[in-house]
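Enquirer: Contents are PDB, C-alpha atoms, pLDDT in the B column; file name run_13.pdb:
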```
ATOM      1  CA  MET I   1      -4.001  -7.606   8.338  1.00 89.00           C
ATOM      2  CA  SER I   2      -0.496  -8.919   8.919  1.00 92.00           C
ATOM      3  CA  PHE I   3       2.296  -8.010   6.541  1.00 89.00           C
ATOM      4  CA  LYS I   4       2.637 -11.655   5.478  1.00 92.00           C
ATOM      5  CA  ARG I   5      -1.078 -11.901   4.720  1.00 94.00           C
ATOM      6  CA  ALA I   6      -1.016  -8.579   2.840  1.00 92.00           C
ATOM      7  CA  LEU I   7       1.821  -9.868   0.653  1.00 91.00           C
ATOM      8  CA  SER I   8      -0.154 -12.995  -0.145  1.00 92.00           C
ATOM      9  CA  TYR I   9      -3.286 -10.946  -0.852  1.00 93.00           C
ATOM     10  CA  CYS I  10      -1.453  -8.655  -3.284  1.00 91.00           C
ATOM     11  CA  HIS I  11       0.191 -11.619  -4.972  1.00 89.00           C
ATOM     12  CA  THR I  12      -3.159 -13.279  -5.717  1.00 90.00           C
ATOM     13  CA  LEU I  13      -5.250 -10.136  -6.354  1.00 91.00           C
ATOM     14  CA  GLU I  14      -6.692  -9.559  -9.790  1.00 90.00           C
ATOM     15  CA  LYS I  15      -8.664  -6.372 -10.269  1.00 89.00           C
ATOM     16  CA  GLN I  16      -9.734  -4.848 -13.590  1.00 86.00           C
ATOM     17  CA  ASN I  17      -7.586  -7.406 -15.429  1.00 88.00           C
ATOM     18  CA  ILE I  18      -4.488  -6.268 -13.520  1.00 85.00           C
ATOM     19  CA  ASN I  19      -2.713  -8.942 -11.520  1.00 88.00           C
ATOM     20  CA  LYS I  20       0.662  -7.403 -10.703  1.00 87.00           C
ATOM     21  CA  TRP I  21      -0.081  -5.687  -7.390  1.00 89.00           C
ATOM     22  CA  ARG I  22       2.513  -5.112  -4.683  1.00 90.00           C
ATOM     23  CA  LEU I  23       2.930  -3.452  -1.317  1.00 90.00           C
ATOM     24  CA  PRO I  24       4.861  -0.179  -1.235  1.00 90.00           C
ATOM     25  CA  SER I  25       8.259  -0.167   0.414  1.00 90.00           C
ATOM     26  CA  ASN I  26       8.900   1.770   3.624  1.00 89.00           C
ATOM     27  CA  ASN I  27      10.633   4.502   1.613  1.00 92.00           C
ATOM     28  CA  GLU I  28       7.687   4.788  -0.779  1.00 92.00           C
ATOM     29  CA  LEU I  29       5.298   5.138   2.164  1.00 88.00           C
ATOM     30  CA  LYS I  30       7.447   7.888   3.671  1.00 88.00           C
ATOM     31  CA  LEU I  31       7.270   9.837   0.401  1.00 90.00           C
ATOM     32  CA  ILE I  32       3.485  10.104   0.474  1.00 88.00           C
ATOM     33  CA  ILE I  33       3.249  11.470   4.022  1.00 85.00           C
ATOM     34  CA  ASP I  34       2.722  15.225   4.225  1.00 83.00           C
ATOM     35  CA  ASN I  35       4.143  16.283   7.591  1.00 82.00           C
ATOM     36  CA  ASN I  36       3.046  19.888   6.987  1.00 87.00           C
ATOM     37  CA  ARG I  37      -0.641  19.031   6.681  1.00 84.00           C
ATOM     38  CA  ILE I  38      -2.889  20.307   9.435  1.00 85.00           C
ATOM     39  CA  PRO I  39      -5.247  17.548  10.612  1.00 80.00           C
ATOM     40  CA  THR I  40      -8.931  18.249  10.169  1.00 81.00           C
ATOM     41  CA  ILE I  41     -11.726  16.959  12.340  1.00 76.00           C
TER      42      ILE I  41
END
```
Spit out the file's structure as structure tokens when you get a sec.

Expert:
Amino acid sequence: MSFKRALSYCHTLEKQNINKWRLPSNNELKLIIDNNRIPTI
């Protein structure tokens, strides 16, 4: 999905009576990455 389409999707999404969804910023995405994690197969 393109970024533009994802923005539109979040803007119109209503789930469990919540309608204020948004995409995380680049900085927020970087915070959830664990660079010390060993990949599993």

Enquirer: Using all atoms listed in the file, determine which residues lie at most 6 Å from segment 9-12 of chain I, disregarding the query and same-chain residues fewer than 2 positions distant; provide the list as a count of residues only.

Expert: 4

Enquirer: Give me, please, the distance in Å between atom CA of Phe3 of chain I and atom CA of Lys20 of chain I, quoted to one decimal.

Expert: 17.3 Å

Enquirer: How far is it from atom CA of Ile38 of chain I to atom CA of Ser25 of chain I, in Å with one decimal?

Expert: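 Straight-line distance from atom CA of Ile38 of chain I to atom CA of Ser25 of chain I works out to 25.0 Å.
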
Enquirer: Distance atom CA of Ser2 of chain I-atom CA of Glu14 of chain I, one decimal place?

Expert: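 Atom CA of Glu14 of chain I lies 19.7 Å from atom CA of Ser2 of chain I.
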